[in-house]
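A.B. asks: Structure provided below as C-alpha cells; questions to follow.
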Amino acid sequence: MADLLQDLSAVQRDAASATEGPVMVLAGAGSGKTRVITYRIANLIGNQGVPAGNILALTFTNKAAGEMRHRVDQLLGPGSSGGLWIGTFHSVFARLLREYIDRLGYSRSFSIFDSDDSKSLIRQCMAELNISQDSVPVNTVQGIISKAKNSFILPADFHRNAADYNQQKASQIYELYARKLKENNALDFDDLLIKPLELFGNHPEVLEELQELFRYILIDEYQDTNRAQYLVTKMLASRHRNIFVVGDDAQSIYSWRGADISNILNFQDDYEDARTFKLVENYRSTGTILQAANSVISRNQRQIKKELVAKGATGEPLTLIEAFNERQEAEKVGDWIRKLSLEKQLDFRSFAIFYRTNAQSRVLEDTMRQHRLPYKIFGSVSFYKRKEIKDAVAYLRFVQNDRDSESLLRIINFPPRKIGDVSIGKLRDFARERGISLYEAIRCAPQGGYQQRLVNALSSFSSVIESLREIAETGTVYEVLNSLFVQTGLLSLLQAENTPESMARHDNLQELLSMARDFSDHNPDAGMLGDFLENIALASDYDETQESDNFVSLMTVHASKGLEFPVVFITGLEERLFPLNCYEPEQMEEERRLFYVAVTRAREKIFLSWAQSRYLYGQPQHCLRSKFINEIDGDIVHTESGRVHGGGAGAAVSVRRTEPVRHSGGGAPPVREKEGMRKGTRVHHAVFGPGTVLELQGRGTQQKAKILFRGSGEKTLMVQYANLKVLP
DNA sequence: AAGCCCTCGTTTTTT
DNA sequence: ACGAGGGCTT
C-alpha cells in the first residue's frame, strides 16, 4: 500500500498526496488527470485511514464516475469504493435531496423532469399566461430560466431585476413554472443543484451535518462548473476546507450552458492558501499533435498559460483534406479510413470522425454505409428519449408520484382509450374547481357527471395504475413493468403491427424490461422504483462505451471530450461552421478551445478537412477555409499527396495559403472592417437588434466594436463576424 | 378523437 | 432538408 503512489510522476504524486487544505490541479489534456484523482482517493482510504463515506467526489458524467469507482477498486481491492460518495453532481444531490427534501415542502417520491418534460410544462405556463409562442419561443424561455437557475437567481430576484419587456414576461413564466413544478412534486435538472442551496440556506443544521460528513471533497472538470455548483461545493467545503479541484481552463467548452470559466481562473482568490499543481506532461499524443495544440491555444487571451510537453515520439504531420463539397469530403474521409485500416492494419475502432454540428453527421453516415465501414454515431437519439421508452417510463413515474401531471398526460390516452383533449379539459376544470389534483379528479369521475363512456375509460385507466401501485409496494421494478406490459397489451400491440418501426419499438421495450430485471436482481429490496427512475432520469447516451465492438466513432467535438483515438478526422473546418458564427470575442475563444479539445483527442494522427461548398438548411453555401487551419504551424500540415502545406509555389494550387499564420509576418491582413463605421454610428444586428457604436478597437479582422443595443445592453463584438448593417 | 398539412426554426447539450 | 407542434379537416 505504501508504494501506491510509486506509479505516478513526481508532480502527479505531489498533487495526489496533498490531501489537506485547498488544492487546484491544472491538468492539461492527456496528463493523467483521472489517475491523480483515483490515486488520491486510494491514498486517503488506504494510507490515511479515512473512511470512504467521508469522501465526496463529483464528476459531470456517469461514465467518469463509474471509471473512477472502478479504478479505486482496482487499487484497493474489490468493494473498497463501496461507501464512497462518488457520482455526478446531479445524482449525488438527487440522492441527498431524497433524504431532506420534505423540509422544502416536496415529498421524497419527487419526479425528475428531463428537458422535454420541462419544455412542455413551460409551454403550459405560457398558455395559461396568454403569452404567445410567436412573441417568445419556448426554447428561448427555457434557456433564460435555466440560465437564471444555474446562476442561482430565484424567481423573486429575477422579477426584481427584469429590465425590459421580454425579461418581464420571462419572469412571469419562471414564477409560474417553479410553482407548477412544485405542484407536480417534480424537480428539473437545474433544481437538483439549486434546491440543495435553498435547503442549506433555510436549514443550516442540514448543511452542518453534511459539512461534517464530507471531510474530503474532489471535483473533476472544474472548468465546467456553473455558479450553482460553485456555490454548493464551496458551502460544503467551508468547514474542513479539504477541497481538491481538477480541471483545464483550455478545455472549457460549456459556457453556453452556464459553465463559468472564472471558477477555475479565480480559485486562487477564493482560497488564498491554495496550492496549485500543473500537469503538462502529455502521455497521449505525438509531439507534432501537441505542437499543433499548443500553437492553437496560445492565441487565446483568457487562459492560464501552459504548454503541453510530449512524452512520446514526434510522429507524423497532420494531413489537410480539401473537398469540393461535403459529399466529397465524406468520401475522402472514408477512403482514408479504408486505406489506413488495410495498410497499417488498424482496427476500425482506432478512427474517430468529429464534427461541429449534428447536421453534418448525415452525409458522413451515408458515406460510411456506402463504403461498408462499420460505424457508430454517438449522441443520436438517446434510448431514454425514444417515445415508447418515455411512455413506459411515464407509467412508472406516475405510479411513484401521482402528482406528476406530465407523465399522466402522456399515458392517460396511451394506449388509446378514447380520452381526448376535450375530456382532459373537463377533468382539469373539475380538478381546479375543487382544488384537487388531476388524478384525484379522475378517481372521482363517477361523481363528475360525465358520459358513461368516459367514466368507464377513466376507471379502467385508474385501475391499471392502482394495481401497479400495489405491485410496486412489495414487488420489484421488473414485476411492475411486466404487469404494465401485460395489462396494457403494449408489447403484443406492437408485435401485431409488424412493421420494421413497430418491431424496433417492441425490441426497445424488451430491452427496458431486461434492464428492469437486471436492476431488480442487483437491488433485491422492494420499493426501489424511485432509484430505478432516478438512474433513468440521470442516464445519458454517452455512458455506454462498448469498447469491445470494432467500429468507427462519429460524434460532435463536444461529445469527444475525455476520449482518445489513434486517428482523428476533424471535419467541416470552415468559417461560420467551425468556428461557428461568433458574435463576441469570448465566443471565438470558446470555439478555439473546442478545436483544441478536438486536436488533443488524437494519439497518432490528425486529418483536417473542409469543403468549398456545403448545404445549409437545404441551400448550398459557399464556404471559406477555417482560420483554425492557419493557426497550426504550416510546416506540420501536409496536403493529401504529402507535400508541405503552406510552402510556396510548390504546393498544389488549391491548397495555397490564403492568410498568413502570424499577423506580423506576410502581407497585411485582409480588411474586414465595415465601411463608414465610427463612434456613434447606428447599426443593426441580426440577434441583438438596433444599437449604437460606443467604441472601436483594433483593425482589420481583429477589429472589435463596443455597441450599446436597445434591447440587450452593451456588447463587444468582432466586426468581422457580427454581420452588422450600418443604418443611415 | 384521430389524421393531415402547414409553418417555423433549426450550435454545441455531460445532467 | 427535415422534424415538431399547432391548427385544421374528417
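Every chain in the C-alpha cells has a letter given in the order shown (A, B, ...), and although residue numbers restart at 1 in each chain, ligands are simply numbered from 1 in the order shown.
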Leaving out Phe569 (chain A) and any residue of its chain fewer than 4 positions from it, which residues lie within 7 Å of it when counting only C-alpha atoms (C1' of nucleotides), given as a ChimeraX atom specification?

C.D. replies: /A:352-354,606-608

A.B. asks: Could you save the residues just selected, with C-alpha atoms, as a JSON list (two decimals), in the first residue's frame?

C.D. replies:
```json
[["chain", "number", "residue", "atom", "x", "y", "z"],
["A", 352, "ALA", "CA", -12.96, 8.86, -34.92],
["A", 353, "ILE", "CA", -14.71, 11.44, -37.06],
["A", 354, "PHE", "CA", -15.57, 14.71, -35.34],
["A", 606, "ILE", "CA", -4.91, 14.01, -37.36],
["A", 607, "PHE", "CA", -6.73, 14.77, -40.59],
["A", 608, "LEU", "CA", -8.21, 18.24, -41.03]]
```

A.B. asks: I need the residues in region 147-305 of chain A that are strand (DSSP E or B) according to DSSP; give them as a list of chain:residue names.

C.D. replies: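 Answer for region 147-305 of chain A restricted to strand (DSSP E or B) is A:Ala186, A:Leu187, A:Asp188, A:Tyr216, A:Ile217, A:Leu218, A:Ile219, A:Asn226, A:Ile243, A:Phe244, A:Val245, A:Val246, A:Gly247, A:Ala259, A:Arg275, A:Thr276, A:Phe277, A:Lys278, A:Leu279, A:Glu281, A:Asn282.
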
A.B. asks: Produce a file of the selected residues containing N, CA, C and O atoms, as a PDB file, in the first residue's frame.

C.D. replies:
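Listing of part.pdb after writing:
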```
ATOM      1  N   ALA A 186     -42.146  17.789  -8.588  1.00  0.00           N
ATOM      2  CA  ALA A 186     -41.101  17.469  -9.555  1.00  0.00           C
ATOM      3  C   ALA A 186     -39.955  18.464  -9.478  1.00  0.00           C
ATOM      4  O   ALA A 186     -40.146  19.620  -9.117  1.00  0.00           O
ATOM      5  N   LEU A 187     -38.773  17.990  -9.805  1.00  0.00           N
ATOM      6  CA  LEU A 187     -37.598  18.848  -9.916  1.00  0.00           C
ATOM      7  C   LEU A 187     -37.051  18.726 -11.332  1.00  0.00           C
ATOM      8  O   LEU A 187     -37.026  17.638 -11.889  1.00  0.00           O
ATOM      9  N   ASP A 188     -36.640  19.844 -11.915  1.00  0.00           N
ATOM     10  CA  ASP A 188     -35.931  19.733 -13.189  1.00  0.00           C
ATOM     11  C   ASP A 188     -34.433  19.571 -12.911  1.00  0.00           C
ATOM     12  O   ASP A 188     -34.008  19.616 -11.753  1.00  0.00           O
ATOM     13  N   TYR A 216     -13.554  15.302   2.856  1.00  0.00           N
ATOM     14  CA  TYR A 216     -12.704  15.492   1.677  1.00  0.00           C
ATOM     15  C   TYR A 216     -13.592  15.599   0.440  1.00  0.00           C
ATOM     16  O   TYR A 216     -14.425  14.724   0.198  1.00  0.00           O
ATOM     17  N   ILE A 217     -13.404  16.673  -0.301  1.00  0.00           N
ATOM     18  CA  ILE A 217     -14.232  16.892  -1.486  1.00  0.00           C
ATOM     19  C   ILE A 217     -13.331  17.000  -2.712  1.00  0.00           C
ATOM     20  O   ILE A 217     -12.334  17.731  -2.695  1.00  0.00           O
ATOM     21  N   LEU A 218     -13.671  16.251  -3.758  1.00  0.00           N
ATOM     22  CA  LEU A 218     -12.913  16.320  -5.018  1.00  0.00           C
ATOM     23  C   LEU A 218     -13.870  16.676  -6.144  1.00  0.00           C
ATOM     24  O   LEU A 218     -14.987  16.160  -6.193  1.00  0.00           O
ATOM     25  N   ILE A 219     -13.452  17.576  -7.008  1.00  0.00           N
ATOM     26  CA  ILE A 219     -14.312  17.957  -8.133  1.00  0.00           C
ATOM     27  C   ILE A 219     -13.523  17.822  -9.437  1.00  0.00           C
ATOM     28  O   ILE A 219     -12.457  18.417  -9.591  1.00  0.00           O
ATOM     29  N   ASN A 226     -20.877  25.495 -13.013  1.00  0.00           N
ATOM     30  CA  ASN A 226     -21.621  26.752 -13.086  1.00  0.00           C
ATOM     31  C   ASN A 226     -21.712  27.380 -11.697  1.00  0.00           C
ATOM     32  O   ASN A 226     -21.164  26.843 -10.736  1.00  0.00           O
ATOM     33  N   ILE A 243     -10.715  20.888  -0.152  1.00  0.00           N
ATOM     34  CA  ILE A 243     -11.354  20.892  -1.466  1.00  0.00           C
ATOM     35  C   ILE A 243     -10.277  20.772  -2.535  1.00  0.00           C
ATOM     36  O   ILE A 243      -9.277  21.497  -2.519  1.00  0.00           O
ATOM     37  N   PHE A 244     -10.477  19.804  -3.394  1.00  0.00           N
ATOM     38  CA  PHE A 244      -9.469  19.439  -4.384  1.00  0.00           C
ATOM     39  C   PHE A 244     -10.133  19.516  -5.751  1.00  0.00           C
ATOM     40  O   PHE A 244     -11.027  18.731  -6.056  1.00  0.00           O
ATOM     41  N   VAL A 245      -9.751  20.507  -6.531  1.00  0.00           N
ATOM     42  CA  VAL A 245     -10.416  20.663  -7.828  1.00  0.00           C
ATOM     43  C   VAL A 245      -9.430  20.380  -8.956  1.00  0.00           C
ATOM     44  O   VAL A 245      -8.260  20.753  -8.888  1.00  0.00           O
ATOM     45  N   VAL A 246      -9.918  19.695  -9.966  1.00  0.00           N
ATOM     46  CA  VAL A 246      -9.086  19.336 -11.106  1.00  0.00           C
ATOM     47  C   VAL A 246      -9.763  19.835 -12.373  1.00  0.00           C
ATOM     48  O   VAL A 246     -10.975  19.683 -12.524  1.00  0.00           O
ATOM     49  N   GLY A 247      -8.992  20.445 -13.220  1.00  0.00           N
ATOM     50  CA  GLY A 247      -9.614  20.916 -14.457  1.00  0.00           C
ATOM     51  C   GLY A 247      -8.590  21.489 -15.412  1.00  0.00           C
ATOM     52  O   GLY A 247      -7.388  21.470 -15.149  1.00  0.00           O
ATOM     53  N   ALA A 259     -21.654  27.188 -17.667  1.00  0.00           N
ATOM     54  CA  ALA A 259     -20.353  26.911 -17.056  1.00  0.00           C
ATOM     55  C   ALA A 259     -19.561  28.208 -17.014  1.00  0.00           C
ATOM     56  O   ALA A 259     -19.578  28.992 -17.951  1.00  0.00           O
ATOM     57  N   ARG A 275      -2.879  25.450  -2.832  1.00  0.00           N
ATOM     58  CA  ARG A 275      -1.696  25.019  -3.572  1.00  0.00           C
ATOM     59  C   ARG A 275      -2.130  24.647  -4.988  1.00  0.00           C
ATOM     60  O   ARG A 275      -3.218  24.099  -5.174  1.00  0.00           O
ATOM     61  N   THR A 276      -1.273  24.974  -5.954  1.00  0.00           N
ATOM     62  CA  THR A 276      -1.615  24.681  -7.338  1.00  0.00           C
ATOM     63  C   THR A 276      -0.569  23.767  -7.944  1.00  0.00           C
ATOM     64  O   THR A 276       0.624  23.946  -7.723  1.00  0.00           O
ATOM     65  N   PHE A 277      -1.051  22.786  -8.688  1.00  0.00           N
ATOM     66  CA  PHE A 277      -0.140  21.908  -9.419  1.00  0.00           C
ATOM     67  C   PHE A 277      -0.508  21.953 -10.893  1.00  0.00           C
ATOM     68  O   PHE A 277      -1.687  21.958 -11.233  1.00  0.00           O
ATOM     69  N   LYS A 278       0.510  22.008 -11.736  1.00  0.00           N
ATOM     70  CA  LYS A 278       0.253  21.982 -13.180  1.00  0.00           C
ATOM     71  C   LYS A 278       0.754  20.674 -13.760  1.00  0.00           C
ATOM     72  O   LYS A 278       1.925  20.343 -13.616  1.00  0.00           O
ATOM     73  N   LEU A 279      -0.136  19.953 -14.388  1.00  0.00           N
ATOM     74  CA  LEU A 279       0.276  18.726 -15.069  1.00  0.00           C
ATOM     75  C   LEU A 279       0.332  19.018 -16.557  1.00  0.00           C
ATOM     76  O   LEU A 279      -0.702  19.271 -17.176  1.00  0.00           O
ATOM     77  N   GLU A 281       2.826  17.246 -18.654  1.00  0.00           N
ATOM     78  CA  GLU A 281       3.436  16.145 -19.397  1.00  0.00           C
ATOM     79  C   GLU A 281       2.331  15.317 -20.018  1.00  0.00           C
ATOM     80  O   GLU A 281       1.464  14.796 -19.318  1.00  0.00           O
ATOM     81  N   ASN A 282       2.373  15.224 -21.335  1.00  0.00           N
ATOM     82  CA  ASN A 282       1.298  14.541 -22.047  1.00  0.00           C
ATOM     83  C   ASN A 282       1.743  13.148 -22.470  1.00  0.00           C
ATOM     84  O   ASN A 282       2.749  12.987 -23.159  1.00  0.00           O
TER      85      ASN A 282
END
```

A.B. asks: Using only C-alpha atoms (C1' of nucleotides), determine which residues of chain A fall within 9 Å of chain B; present them as a ChimeraX atom specification.

C.D. replies: /A:59-62,88-91,114,189-190,253-254,256-257,356-358,418-421,537-540,542,556-559,580-581,617

A.B. asks: To test your reading of the structure, identify every residue in region 218-441 of chain A that backbone DSSP assigns to helix (DSSP H, G or I), and report it as a PyMOL selection string.

C.D. replies: chain A and resi 222-224+227-237+249-251+255-257+262-265+267-270+287-297+326-343+348-350+358-370+383-385+387-400+405-411+421-434+438-441

A.B. asks: Report the closest atom pair, with its distance in Å rounded to one decimal, for each residue of chain A that has an atom no farther than 9 Å from chain C; count only C-alpha atoms (C1' of nucleotides), sort by chain and then rising residue number, and write it as a tab-separated table.

C.D. replies:
```
residue	atom	partner	partner_atom	distance
A:Leu616	CA	C:DA1	C1'	8.6
A:Tyr617	CA	C:DA1	C1'	6.1
A:Gly618	CA	C:DA1	C1'	5.0
A:Gln619	CA	C:DA1	C1'	8.8
```

A.B. asks: Identify, on the basis of only C-alpha atoms (C1' of nucleotides), every residue whose closest approach to Gly28 (chain A) does not exceed 12 Å; exclude the query and any residue fewer than 6 positions from it along the same chain; express the result as a tab-separated table (two decimals) with C-alpha atoms, in the first residue's frame.

C.D. replies:
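Result file around38.tsv:
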```tsv
chain	number	residue	atom	x	y	z
A	34	THR	CA	-8.12	10.66	-13.66
A	221	GLU	CA	-13.72	19.09	-14.72
A	223	GLN	CA	-13.70	24.45	-15.54
A	246	VAL	CA	-9.09	19.34	-11.11
A	247	GLY	CA	-9.61	20.92	-14.46
A	248	ASP	CA	-8.23	22.55	-17.55
A	249	ASP	CA	-9.33	26.04	-18.48
A	250	ALA	CA	-8.26	25.31	-22.05
A	251	GLN	CA	-10.97	22.66	-22.29
A	252	SER	CA	-13.86	24.78	-21.07
A	277	PHE	CA	-0.14	21.91	-9.42
A	278	LYS	CA	0.25	21.98	-13.18
A	279	LEU	CA	0.28	18.73	-15.07
A	280	VAL	CA	1.63	19.35	-18.55
A	281	GLU	CA	3.44	16.14	-19.40
A	282	ASN	CA	1.30	14.54	-22.05
A	283	TYR	CA	1.30	10.77	-22.32
A	284	ARG	CA	-1.27	10.54	-25.09
A	285	SER	CA	-0.25	12.31	-28.29
A	290	LEU	CA	0.95	18.68	-29.24
A	293	ALA	CA	-2.44	22.03	-29.99
A	294	ASN	CA	-0.10	24.44	-28.24
A	297	ILE	CA	-4.46	27.54	-27.83
A	304	ILE	CA	-3.74	30.18	-17.63
A	305	LYS	CA	-0.65	29.80	-19.80
A	306	LYS	CA	0.72	26.32	-20.10
A	307	GLU	CA	2.30	24.25	-22.84
A	308	LEU	CA	1.83	20.54	-23.17
A	309	VAL	CA	5.11	18.64	-23.17
A	310	ALA	CA	5.37	15.49	-25.28
A	562	GLY	CA	-12.43	12.95	-22.33
A	596	TYR	CA	-8.11	22.40	-29.05
A	597	VAL	CA	-10.19	19.64	-27.46
A	600	THR	CA	-5.84	16.75	-28.23
A	601	ARG	CA	-8.06	13.66	-28.63
```
